[in-house]
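Below: the structure, in structure tokens.
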Amino acid sequence: MSQSAPPGPGRPDPALPSPGRPKSTSSEPVTAGVGTAASKLVDRAAGSPTGAWRTGDDPGHRRFLEIGDLPLESGETLPNTVLAFETWGELSEARDNAVLVLHALTGDSHVTGEPGPGHPTPGWWDSLVGPGRAIDTERYFVVAANILGGCQGSTGPSSLAPDGRPWGSRFPWLTTRDAVAAEARLADALGIEVFHLVVGASLGGHRAIEWGVGYPERVRNLALVATGASTTADQLAWCHLQELAIVGDPYFFDGDYYSHPVGPVRGLALARAIAHTTYRSAAELDARFGRAHQGAEDPAVGGRYQVESYLDHHSGKLLARFDANTYLIVTHSMMVHDVGTGRGGIPAALAGVTARALVVDVSSDRLFPTWQADELSEGIPGARRATIDSLHGHDGFLIEADQMNAVLRDFLEGAEPGS
């Protein structure tokens with residue numbers, strides 16, 4: 001007869017009521033007081049322990065590459081490493097038209113395309129990648145991988161370790177350079193010696209910078225969007241709050257929640273809500289929602305404002321396709337990102353970029369401020385500079401499709417494949 005793990009750090013006592021739900025001792029209606037605030041928490045039934053793609057699920061358009069044992073910056077080695085990836089278009093005979101697209105924190109390899117089996121959401125940069133768009137899949141061979149440590153097919157905490165159990169709490173910490181080292185092995189396997197373009201936004205921009213600095217001979221053109229050369233103290237603070245949200249969930253089970261019927265759903269939802277607040281501007285939220293109530297709900301007695309419902313909606317969407325441990329792993333890689341580490345500092349590192357470079361910021365971005373884009377463009381020899389004018393904050397690089405297409409198309413017109 002199996003027994004439940006005893007209560008302890010990160011493990012709730014089964015004798016206690018479910019965290020966040022007030023315990024009623026009578027059949028009387030609960031007074032509309034502070035005790036009902038817990039009703040704002042995402043319902044734990046909204047998700048299984050993880051929203052990760054797992055072996056046996058429909059692969060969709062994913063392909064998988066076994067890249068073997070991967071040495072990590074930490075000194076650990078990640079065994080039997082696999083990267084999930086997708087491609088569009090055809091690699092030219094000269095192998096000079098390859099484009100690498102690098103996703104942000106909760107993105108994946110499904111950059112463009114319709115939702116369907118294996119892909120619960122449409123391509124996250126469908127407006128920029130595809131036939132006739134700035135990254136024209138009829139002209140370029142486009143490659144996108146799920147980041148190392150991810151939860152959409154690449155080796156990550158929800159993957160099976162060599163002992164046949166999910167990695168869970170045993171999964172090692174990763175860095176930007178670890179992720180790029182894995183992507184370089186993918187490029188090798190696809191026969192790509194030099195990318196015509198490497199483009200990334202946000203955390204994807206971290207990896208794009210690392211490509212330009214760490215593999216200058218393999219990048220002909222480099223586009224850095226809404227990103228920075230290193231993580232600021234302000235960004236670290238926001239990341240830390242998101243970490244605390246996840247590890248503070250009593251159903252986190254120290255990262256080993258995969259065998260349980262529930263997982264840190266509320267913690268992950270809260271982390272997403274915190275992050276999403278930084279992805280939008282204060283001006284947009286005020287203009288869009290103001291102090292409007294959500295439907296018939298009355299905030300005076302515990303109901304929600306529209307902006308609360310908006311954050312709840314985006315939190316719930318993430319639960320269906322993401323994993324809490326992966327969120328921690330990838331957030332950690334963002335926190336420790338500094339392209340100047342071991343290279344004599346940021347100016348010395350950026351000076352080593354040989355690619356034609358484009359640096360783009362979003363005018364209302366409060367997560368990656370303008371000065372970080374200035375630092376990149378001033379440090380990279382000959383870099384071009386552009387700004388996306390948007391009220392939408394950091395997410396402007398996703399929302400302002402016309403501006404992004406125009407900026408990137410103009411940049412690429414000056415660089416034909418093979419030139």
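Labeling convention for the structure tokens: chains A, B, ... as they appear, residues from 1 per chain, ligands from 1 in order of appearance.
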_From a backbone DSSP assignment, name each residue in stretch 175-216 of chain A labelled strand (DSSP E or B), as a ChimeraX atom specification._
/A:195,197-201
Keeping only N, CA and C atoms, write those residues as a short mmCIF file (atom, residue, chain, number, x, y, z; two decimals), in the first residue's frame.
```
data_model
loop_
_atom_site.label_atom_id
_atom_site.label_comp_id
_atom_site.auth_asym_id
_atom_site.auth_seq_id
_atom_site.Cartn_x
_atom_site.Cartn_y
_atom_site.Cartn_z
N PHE A 195 24.47 31.31 -40.95
CA PHE A 195 23.09 31.78 -41.08
C PHE A 195 23.08 33.13 -41.80
N LEU A 197 20.63 35.09 -41.56
CA LEU A 197 20.06 35.96 -40.54
C LEU A 197 19.80 35.17 -39.27
N VAL A 198 20.17 35.77 -38.14
CA VAL A 198 19.74 35.29 -36.83
C VAL A 198 18.92 36.42 -36.21
N VAL A 199 17.68 36.12 -35.86
CA VAL A 199 16.80 37.14 -35.30
C VAL A 199 16.15 36.60 -34.03
N GLY A 200 16.10 37.45 -33.02
CA GLY A 200 15.45 37.07 -31.76
C GLY A 200 14.93 38.28 -31.04
N ALA A 201 13.85 38.09 -30.31
CA ALA A 201 13.26 39.18 -29.54
C ALA A 201 13.16 38.76 -28.08
#
```
*Write out as an MDAnalysis selection string all residues of stretch 175-309 of chain A that DSSP puts in helix (DSSP H, G or I) for this structure's backbone.*
chainID A and resid 176:189 203:214 216:218 233:247 253:255 265:279 282:289 299:301 306:309
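Distances here use only C-alpha atoms; by that measure, the residue among A:Gly51, A:Gly132, A:Gly228, A:Gly204 closest to A:Gln152 is A:Gly51.
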Closest pair table for stretch 100-120 of chain A residues within 12 Å of stretch 311-334 of chain A, only C-alpha atoms, as CSV:
```
residue,atom,partner,partner_atom,distance
A:His103,CA,A:Val330,CA,11.5
A:Ala104,CA,A:Val330,CA,9.6
A:Leu105,CA,A:Val330,CA,6.6
A:Thr106,CA,A:Phe322,CA,7.4
A:Gly107,CA,A:Phe322,CA,9.3
A:Asp108,CA,A:Arg321,CA,9.9
A:Gly118,CA,A:Arg321,CA,10.2
A:His119,CA,A:Arg321,CA,9.0
A:Pro120,CA,A:Arg321,CA,7.4
```
Please, could you write that set of residues out with N, CA and C atoms as a PDB file, in the first residue's frame?
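And here's again-v5.pdb as it stands now:
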```
ATOM      1  N   HIS A 103      12.839  32.179 -30.127  1.00  0.00           N
ATOM      2  CA  HIS A 103      11.626  32.591 -29.407  1.00  0.00           C
ATOM      3  C   HIS A 103      11.908  33.180 -28.032  1.00  0.00           C
ATOM      4  N   ALA A 104      10.901  33.857 -27.502  1.00  0.00           N
ATOM      5  CA  ALA A 104      10.977  34.473 -26.180  1.00  0.00           C
ATOM      6  C   ALA A 104      10.693  33.440 -25.089  1.00  0.00           C
ATOM      7  N   LEU A 105      10.490  33.900 -23.864  1.00  0.00           N
ATOM      8  CA  LEU A 105      10.471  33.029 -22.687  1.00  0.00           C
ATOM      9  C   LEU A 105       9.471  31.883 -22.791  1.00  0.00           C
ATOM     10  N   THR A 106       8.244  32.163 -23.164  1.00  0.00           N
ATOM     11  CA  THR A 106       7.230  31.105 -23.198  1.00  0.00           C
ATOM     12  C   THR A 106       6.863  30.692 -24.624  1.00  0.00           C
ATOM     13  N   GLY A 107       7.702  31.054 -25.590  1.00  0.00           N
ATOM     14  CA  GLY A 107       7.462  30.643 -26.966  1.00  0.00           C
ATOM     15  C   GLY A 107       7.932  29.220 -27.210  1.00  0.00           C
ATOM     16  N   ASP A 108       7.904  28.813 -28.487  1.00  0.00           N
ATOM     17  CA  ASP A 108       8.368  27.477 -28.852  1.00  0.00           C
ATOM     18  C   ASP A 108       8.744  27.484 -30.323  1.00  0.00           C
ATOM     19  N   GLY A 118      -1.059  18.827 -31.902  1.00  0.00           N
ATOM     20  CA  GLY A 118       0.322  19.054 -31.490  1.00  0.00           C
ATOM     21  C   GLY A 118       0.685  20.505 -31.295  1.00  0.00           C
ATOM     22  N   HIS A 119      -0.143  21.421 -31.801  1.00  0.00           N
ATOM     23  CA  HIS A 119       0.135  22.854 -31.699  1.00  0.00           C
ATOM     24  C   HIS A 119      -1.139  23.572 -31.257  1.00  0.00           C
ATOM     25  N   PRO A 120      -1.309  23.782 -29.955  1.00  0.00           N
ATOM     26  CA  PRO A 120      -2.560  24.361 -29.460  1.00  0.00           C
ATOM     27  C   PRO A 120      -2.770  25.813 -29.849  1.00  0.00           C
TER      28      PRO A 120
END
```
*Can you tell me, as a ChimeraX atom specification, what residues are no more than 9 Å from stretch 402-419 of chain A when counting only C-alpha atoms, ignoring any on the same chain fewer than 2 positions away?*
/A:94-98,127-128,133-135,140,196-197,220-221,223,356-358,360,384,386-389,396-400
_I'd like to know which of A:Pro131, A:Gly248, A:Gly212, A:Pro122 is closest to A:Thr354, using only C-alpha atoms._
A:Gly212
*Which residue, A:Leu160, A:Ala181, A:Ala189, A:Leu174, has the smallest gap to A:Glu76 when you use only C-alpha atoms?*
A:Leu174
